[in-house]
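Have a look at final.txt below; it lists compact mmCIF, C-alpha atoms and all ligand atoms.
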```
# COMPACT_ATOMS: atom_id res chain seq x y z
CA MET A 1 -0.23 -21.93 18.25
CA ARG A 2 1.58 -20.23 15.41
CA PHE A 3 3.32 -17.04 16.44
CA VAL A 4 2.33 -14.16 14.22
CA SER A 5 4.15 -10.89 14.40
CA PHE A 6 2.36 -7.87 13.11
CA ALA A 7 3.65 -5.26 10.73
CA ILE A 8 0.82 -2.88 11.59
CA GLN A 9 -1.65 -2.72 14.45
CA CYS A 10 -4.24 -0.02 15.05
CA ARG A 11 -6.35 0.27 18.17
CA ARG A 12 -9.39 2.52 18.47
CA LEU A 13 -7.95 4.85 15.86
CA ASN A 14 -9.87 8.07 15.28
CA VAL A 15 -8.87 10.57 12.65
CA LYS A 16 -10.51 13.85 11.72
CA ARG A 17 -9.69 15.92 8.67
CA GLY A 18 -11.04 19.42 8.73
CA SER A 19 -14.44 19.12 10.34
CA ASN A 20 -14.95 15.56 9.04
CA HIS A 21 -14.56 12.56 11.30
CA ILE A 22 -12.97 10.10 8.84
CA LEU A 23 -11.78 7.03 10.78
CA HIS A 24 -13.95 5.72 13.62
CA ASP A 25 -12.49 3.56 16.42
CA LEU A 26 -10.62 1.55 13.85
CA ASP A 27 -8.96 -1.72 14.93
CA LEU A 28 -6.59 -3.47 12.57
CA ASP A 29 -3.95 -6.22 12.58
CA ILE A 30 -1.73 -6.73 9.56
CA PRO A 31 0.67 -9.69 9.82
CA GLN A 32 4.20 -9.42 8.50
CA GLY A 33 5.05 -10.70 5.05
CA VAL A 34 1.57 -10.52 3.54
CA ILE A 35 0.00 -8.55 0.75
CA MET A 36 -2.91 -6.83 2.43
CA GLY A 37 -5.47 -5.32 0.10
CA LEU A 38 -7.23 -2.23 1.37
CA LEU A 39 -10.51 -1.99 -0.47
CA GLY A 40 -13.37 0.38 -0.13
CA PRO A 41 -15.40 2.98 -1.96
CA SER A 42 -14.07 6.40 -2.78
CA GLY A 43 -14.02 8.52 0.36
CA SER A 44 -14.07 5.54 2.74
CA GLY A 45 -10.76 6.59 4.28
CA LYS A 46 -8.11 4.44 2.57
CA THR A 47 -5.66 7.26 1.93
CA THR A 48 -6.31 8.71 5.39
CA LEU A 49 -5.52 5.36 6.98
CA MET A 50 -2.34 5.01 4.95
CA ARG A 51 -1.22 8.53 5.83
CA SER A 52 -1.83 7.72 9.49
CA ILE A 53 0.28 4.56 9.31
CA VAL A 54 3.10 6.37 7.53
CA GLY A 55 2.98 9.07 10.21
CA LEU A 56 1.90 11.94 7.97
CA GLN A 57 -1.56 12.37 9.44
CA ARG A 58 -2.41 13.88 12.81
CA ILE A 59 -4.57 11.43 14.67
CA GLU A 60 -7.32 12.38 17.08
CA SER A 61 -7.00 9.38 19.39
CA GLY A 62 -6.00 5.73 19.48
CA GLU A 63 -2.77 3.86 18.83
CA ILE A 64 -0.87 2.77 15.75
CA SER A 65 2.07 0.44 16.01
CA VAL A 66 4.27 -0.15 12.99
CA LEU A 67 6.86 -2.95 13.05
CA GLY A 68 6.51 -3.00 16.82
CA ARG A 69 7.08 0.71 17.32
CA PRO A 70 4.72 3.67 17.69
CA ALA A 71 3.89 5.14 14.26
CA ALA A 72 5.48 8.39 13.14
CA GLY A 73 8.72 7.69 15.04
CA LYS A 74 11.96 8.75 13.43
CA ALA A 75 13.36 5.20 13.55
CA LEU A 76 10.57 4.06 11.25
CA ARG A 77 11.30 6.47 8.47
CA HIS A 78 13.66 4.15 6.64
CA GLU A 79 11.49 1.10 7.24
CA ILE A 80 8.51 2.35 5.25
CA GLY A 81 8.24 2.92 1.52
CA TYR A 82 5.22 5.04 0.65
CA SER A 83 3.82 5.71 -2.77
CA THR A 84 1.10 8.36 -2.79
CA GLN A 85 -2.12 8.12 -4.74
CA SER A 86 -1.03 10.20 -7.71
CA ALA A 87 2.40 8.62 -7.59
CA SER A 88 4.98 11.12 -8.59
CA VAL A 89 8.21 10.60 -10.39
CA TYR A 90 10.32 13.45 -11.67
CA SER A 91 9.51 13.81 -15.36
CA ASP A 92 12.61 15.82 -16.15
CA LEU A 93 14.96 13.16 -14.80
CA THR A 94 15.86 9.81 -16.31
CA CYS A 95 14.80 6.60 -14.54
CA ILE A 96 18.17 6.05 -12.94
CA GLN A 97 18.37 9.69 -11.87
CA ASN A 98 14.97 9.36 -10.20
CA ILE A 99 16.29 6.46 -8.12
CA GLU A 100 19.58 8.23 -7.42
CA PHE A 101 17.64 11.24 -6.17
CA PHE A 102 15.83 9.13 -3.54
CA ALA A 103 18.96 7.12 -2.75
CA ALA A 104 20.79 10.35 -1.88
CA LEU A 105 18.42 10.75 1.08
CA TYR A 106 19.89 7.62 2.68
CA GLN A 107 23.29 7.19 4.26
CA LYS A 108 23.61 3.61 3.20
CA ASN A 109 21.85 1.63 0.52
CA GLU A 110 21.80 -2.13 0.34
CA LYS A 111 21.07 -2.04 -3.36
CA SER A 112 22.41 0.18 -6.11
CA PRO A 113 20.02 2.25 -8.26
CA ALA A 114 20.76 -0.11 -11.15
CA GLN A 115 19.77 -3.12 -9.02
CA ILE A 116 16.55 -1.43 -7.99
CA LEU A 117 15.66 -0.71 -11.63
CA GLU A 118 16.45 -4.33 -12.42
CA GLU A 119 14.01 -5.43 -9.74
CA VAL A 120 11.13 -3.62 -11.46
CA ASP A 121 12.35 -4.65 -14.92
CA LEU A 122 13.33 -1.16 -16.04
CA SER A 123 17.02 -1.75 -16.75
CA ARG A 124 16.46 -1.11 -20.43
CA ASN A 125 14.89 2.26 -19.63
CA ALA A 126 17.54 3.42 -17.16
CA HIS A 127 18.61 6.41 -19.22
CA GLN A 128 15.22 7.27 -20.64
CA MET A 129 13.52 10.45 -19.42
CA ALA A 130 10.64 9.63 -17.09
CA SER A 131 8.41 11.95 -19.15
CA SER A 132 8.61 9.55 -22.09
CA LEU A 133 7.73 6.36 -20.16
CA SER A 134 4.54 4.45 -20.83
CA GLY A 135 1.91 4.30 -18.07
CA GLY A 136 3.05 0.87 -16.88
CA GLU A 137 6.72 1.82 -16.90
CA ARG A 138 5.92 4.96 -14.95
CA ALA A 139 4.02 2.91 -12.37
CA ARG A 140 6.99 0.57 -12.00
CA LEU A 141 9.36 3.51 -11.63
CA ALA A 142 7.13 4.92 -8.89
CA LEU A 143 7.25 1.52 -7.18
CA ALA A 144 11.04 1.48 -7.58
CA THR A 145 11.36 4.77 -5.70
CA THR A 146 9.65 3.17 -2.69
CA LEU A 147 12.19 0.31 -2.74
CA VAL A 148 15.12 2.62 -2.12
CA GLY A 149 16.54 1.89 1.32
CA SER A 150 15.05 -1.64 1.29
CA PRO A 151 12.08 -0.85 3.56
CA GLN A 152 10.29 -3.71 5.32
CA LEU A 153 6.88 -2.20 4.78
CA LEU A 154 5.45 -0.84 1.53
CA ILE A 155 2.38 1.36 1.60
CA LEU A 156 1.08 1.70 -1.94
CA ASP A 157 -1.93 3.92 -2.56
CA GLU A 158 -3.72 2.78 -5.72
CA PRO A 159 -0.52 1.82 -7.52
CA THR A 160 -2.31 0.22 -10.45
CA VAL A 161 -4.83 2.95 -11.21
CA GLY A 162 -5.11 3.73 -14.92
CA LEU A 163 -3.25 0.59 -16.00
CA ASP A 164 -4.66 -2.00 -18.34
CA PRO A 165 -5.26 -5.54 -17.00
CA VAL A 166 -2.01 -6.91 -18.42
CA LEU A 167 0.09 -4.21 -16.80
CA ARG A 168 -1.82 -4.59 -13.56
CA LEU A 169 -1.04 -8.29 -13.54
CA GLN A 170 2.61 -7.53 -14.14
CA LEU A 171 2.67 -5.15 -11.20
CA TRP A 172 0.93 -7.69 -8.97
CA ARG A 173 3.59 -10.25 -9.84
CA LEU A 174 6.14 -7.75 -8.62
CA PHE A 175 4.21 -7.26 -5.39
CA ASN A 176 4.25 -11.02 -4.90
CA SER A 177 7.97 -11.28 -5.37
CA LEU A 178 8.44 -8.49 -2.80
CA ALA A 179 6.21 -10.35 -0.32
CA GLU A 180 8.24 -13.50 -0.94
CA GLN A 181 11.28 -11.52 0.20
CA GLY A 182 9.44 -11.06 3.52
CA LYS A 183 8.19 -7.53 2.95
CA THR A 184 4.72 -6.50 4.00
CA LEU A 185 2.61 -4.66 1.45
CA LEU A 186 -0.50 -2.62 2.13
CA VAL A 187 -2.06 -1.91 -1.25
CA SER A 188 -5.21 0.11 -1.78
CA SER A 189 -7.52 -0.29 -4.70
CA HIS A 190 -11.10 0.19 -5.59
CA VAL A 191 -10.91 -2.36 -8.34
CA MET A 192 -12.52 -5.41 -6.83
CA ASP A 193 -10.96 -7.81 -9.31
CA GLU A 194 -7.58 -7.10 -7.73
CA ALA A 195 -8.82 -8.52 -4.45
CA ASP A 196 -7.87 -12.07 -5.41
CA SER A 197 -4.27 -11.07 -5.87
CA CYS A 198 -4.05 -10.25 -2.15
CA HIS A 199 -3.33 -12.69 0.68
CA GLN A 200 -5.78 -10.86 2.90
CA LEU A 201 -8.29 -8.08 2.52
CA ILE A 202 -9.58 -5.25 4.62
CA LEU A 203 -12.88 -3.83 3.48
CA LEU A 204 -13.29 -0.27 4.61
CA ARG A 205 -16.54 1.62 4.58
CA ASN A 206 -17.27 5.04 6.06
CA GLY A 207 -14.03 4.87 8.03
CA GLU A 208 -14.82 1.54 9.64
CA VAL A 209 -13.49 -1.95 8.98
CA LEU A 210 -16.40 -3.82 7.50
CA ALA A 211 -14.49 -7.10 7.32
CA GLN A 212 -11.01 -8.57 7.27
CA GLY A 213 -9.95 -11.97 5.99
CA THR A 214 -8.61 -13.94 3.07
CA PRO A 215 -10.61 -13.71 -0.17
CA ALA A 216 -11.70 -17.34 0.42
CA GLU A 217 -12.85 -16.61 3.98
CA LEU A 218 -14.90 -13.64 2.86
CA ARG A 219 -16.48 -15.70 0.08
CA THR A 220 -17.39 -18.46 2.50
CA ARG A 221 -18.78 -15.99 5.01
CA THR A 222 -21.07 -14.39 2.45
CA GLY A 223 -21.72 -17.29 0.09
CA GLU A 224 -20.90 -15.03 -2.84
CA SER A 225 -18.27 -15.67 -5.47
CA ARG A 226 -17.75 -12.27 -7.12
CA MET A 227 -15.85 -9.86 -4.90
CA ASP A 228 -18.31 -7.04 -5.73
CA ASP A 229 -21.12 -9.23 -4.39
CA VAL A 230 -19.07 -10.17 -1.33
CA PHE A 231 -18.72 -6.49 -0.53
CA ILE A 232 -22.40 -5.76 -1.06
CA SER A 233 -23.37 -8.72 1.07
CA LEU A 234 -21.07 -7.58 3.90
CA ILE A 235 -22.65 -4.13 3.77
CA GLY A 236 -26.03 -5.83 4.13
CA GLU A 237 -24.80 -7.70 7.25
CA GLN A 238 -24.01 -4.42 8.94
N1 LIG B 301 -8.52 18.24 4.50
C1 LIG B 301 -9.72 17.67 4.55
N2 LIG B 301 -10.77 18.29 5.13
C2 LIG B 301 -11.99 17.68 5.19
N3 LIG B 301 -12.25 16.48 4.68
C3 LIG B 301 -11.25 15.81 4.09
C4 LIG B 301 -9.94 16.37 4.00
N4 LIG B 301 -9.15 15.48 3.36
C5 LIG B 301 -9.94 14.43 3.06
N5 LIG B 301 -11.19 14.62 3.50
C6 LIG B 301 -12.33 13.68 3.35
O1 LIG B 301 -11.98 12.48 4.00
C7 LIG B 301 -12.68 11.38 3.39
C8 LIG B 301 -11.73 10.22 3.20
O2 LIG B 301 -10.77 10.58 2.23
P1 LIG B 301 -9.68 9.57 1.73
O3 LIG B 301 -8.81 10.31 0.79
O4 LIG B 301 -9.03 8.91 2.89
O5 LIG B 301 -10.60 8.49 0.98
P2 LIG B 301 -10.17 7.30 0.03
O6 LIG B 301 -10.84 6.07 0.56
O7 LIG B 301 -8.72 7.27 -0.14
O8 LIG B 301 -10.89 7.70 -1.35
P3 LIG B 301 -10.41 7.45 -2.89
O9 LIG B 301 -10.76 6.03 -3.20
O10 LIG B 301 -11.27 8.41 -3.65
O11 LIG B 301 -8.97 7.75 -2.97
C9 LIG B 301 -13.27 11.92 2.11
O12 LIG B 301 -14.65 12.09 2.29
C10 LIG B 301 -12.59 13.27 1.93
O13 LIG B 301 -13.42 14.21 1.30
MG MG B 302 -7.45 7.54 -1.70
```
Would you write the structure of this file as structure tokens?
Amino acid sequence: MRFVSFAIQCRRLNVKRGSNHILHDLDLDIPQGVIMGLLGPSGSGKTTLMRSIVGLQRIESGEISVLGRPAAGKALRHEIGYSTQSASVYSDLTCIQNIEFFAALYQKNEKSPAQILEEVDLSRNAHQMASSLSGGERARLALATTLVGSPQLLILDEPTVGLDPVLRLQLWRLFNSLAEQGKTLLVSSHVMDEADSCHQLILLRNGEVLAQGTPAELRTRTGESRMDDVFISLIGEQ
């Protein structure tokens, strides 16, 4: 049997926000070193789940373990890179200054700000103000800020939203190269055509895991080829 270690595990996770019960007895296993797509309609609980994993969300009950430790622990802070849904970079700083700002929060950095910009192919833009970046460059700068401190786990909430297909592809190539370095990526999207860029998928609906598997497994299970149809078919199974 192959030994799989998990980057993230959730057991019977329940989360309420305000008076709404958002996540219901959610169980989840995310192996290390994979790109896990988190798909689901708007309001299904993707951001809430990500916030819970990062340790920013009060949970009602259940357990979350991240890299073998209970979520929200102090030791995990430097192991997780989190990019929020409306990813923010500082418009009034240059690219390199944005990275330097985040790097200043760490005592030690494996990589220099210049190396991090290189990794997302923004070396040429290092001294350009973030306010003047194109949409794709801005998305890559936001990704770069999560790479500061060389975290093992990247939680990226709709990192490709608003980008054209070419730029999305470019960003997905970057995600792949990060996974090849052994990092685990949890990437949310509600664009179904991004599903095939993921090693595995979690389909979330109304705060429950509708299905988890590789794109091929989910196709076989449903007999559908288009990911939209796979999703609709899985809803029908419920
Ligand atoms: N503070 C709050 N009080 C009450 N309900 C909330 C609160 N914050 C979020 N919600 C609700 O929780 C549900 C899940 O929200 P969440 O942001 O996790 O969804 P999502 O899957 O990320 O959606 P999207 O694809 O639109 O980003 C939504 O119905 C939302 O309205
Ligand atoms: Mg969201």
Any residue with an atom at most 8 Å from ligand MG 302 (chain B) counts, using all atoms listed in the file. Which are they? Put them as a list of chain:residue names.
A:Ser42, A:Gly43, A:Gly45, A:Lys46, A:Thr47, A:Thr48, A:Gln85, A:Asp157, A:Glu158, A:Ser188
Please determine, counting all atoms listed in the file, which residue among A:Val166, A:Ile96, A:Val148, A:Leu156 has the shortest atom-to-atom distance to ligand LIG 301 (chain B).
A:Leu156
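Pairwise distance (CA of Lys16 (chain A), CA of Gln238 (chain A)) equals 22.9 Å.
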Which chains and residue numbers are within 12 Å of ligand LIG 301 (chain B), counting only C-alpha atoms and all ligand atoms, if I want them as a count of residues only?
47
Pick from A:Ile99, A:Leu28, A:Ile80, A:Met36 nearest to Asp196 (chain A), counting only C-alpha atoms
A:Met36
Two-atom distance - CA of Gln115 (chain A), CA of Gln181 (chain A) (Å)
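If I compute the distance from CA of Gln115 (chain A) to CA of Gln181 (chain A), I get 15.1 Å.
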Scan for residues within 8 Å of the point (0.7, -7.4, 16.0) in the coordinates of the file, using all atoms listed in the file, and reply as a PyMOL selection string.
chain A and resi 4-9+29-31+65+68
One-decimal distance in Å that lies between CA of Pro165 (chain A) and CA of Arg226 (chain A)
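We find that CA of Arg226 (chain A) and CA of Pro165 (chain A) lie 17.3 Å from each other.
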Take every atom of region 210-225 of chain A listed in the file, fit an axis-aligned box around them, add 6 Å per side, and give the centre and edge lengths in Å to one decimal as lines of an AutoDock Vina configuration file.
```
center_x = -15.2
center_y = -11.1
center_z = 1.0
size_x = 25.1
size_y = 26.6
size_z = 25.0
```
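Residue nearest Val120 (chain A), chosen from A:Leu201, A:Ala139, A:Ala179, A:Leu186 and counting only C-alpha atoms: A:Ala139.
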With only C-alpha atoms as the atoms that count, which of A:Val54, A:Val34, A:Ala75, A:Ala87 lies nearest to Gly182 (chain A)?
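Once distances to Gly182 (chain A) are computed over only C-alpha atoms, the minimum belongs to A:Val34.
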What's the 12 Å shell around Ser88 (chain A), counting all atoms listed in the file, without same-chain residues fewer than 2 positions away, as a PyMOL selection string?
chain A and resi 82-86+90-93+98+130-131+138-146+157+159
Using only C-alpha atoms, which residue out of A:Leu147, A:Cys10, A:Leu163, A:Cys95 lies closest to Gly62 (chain A)?
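Closest to Gly62 (chain A) of all the choices is A:Cys10.
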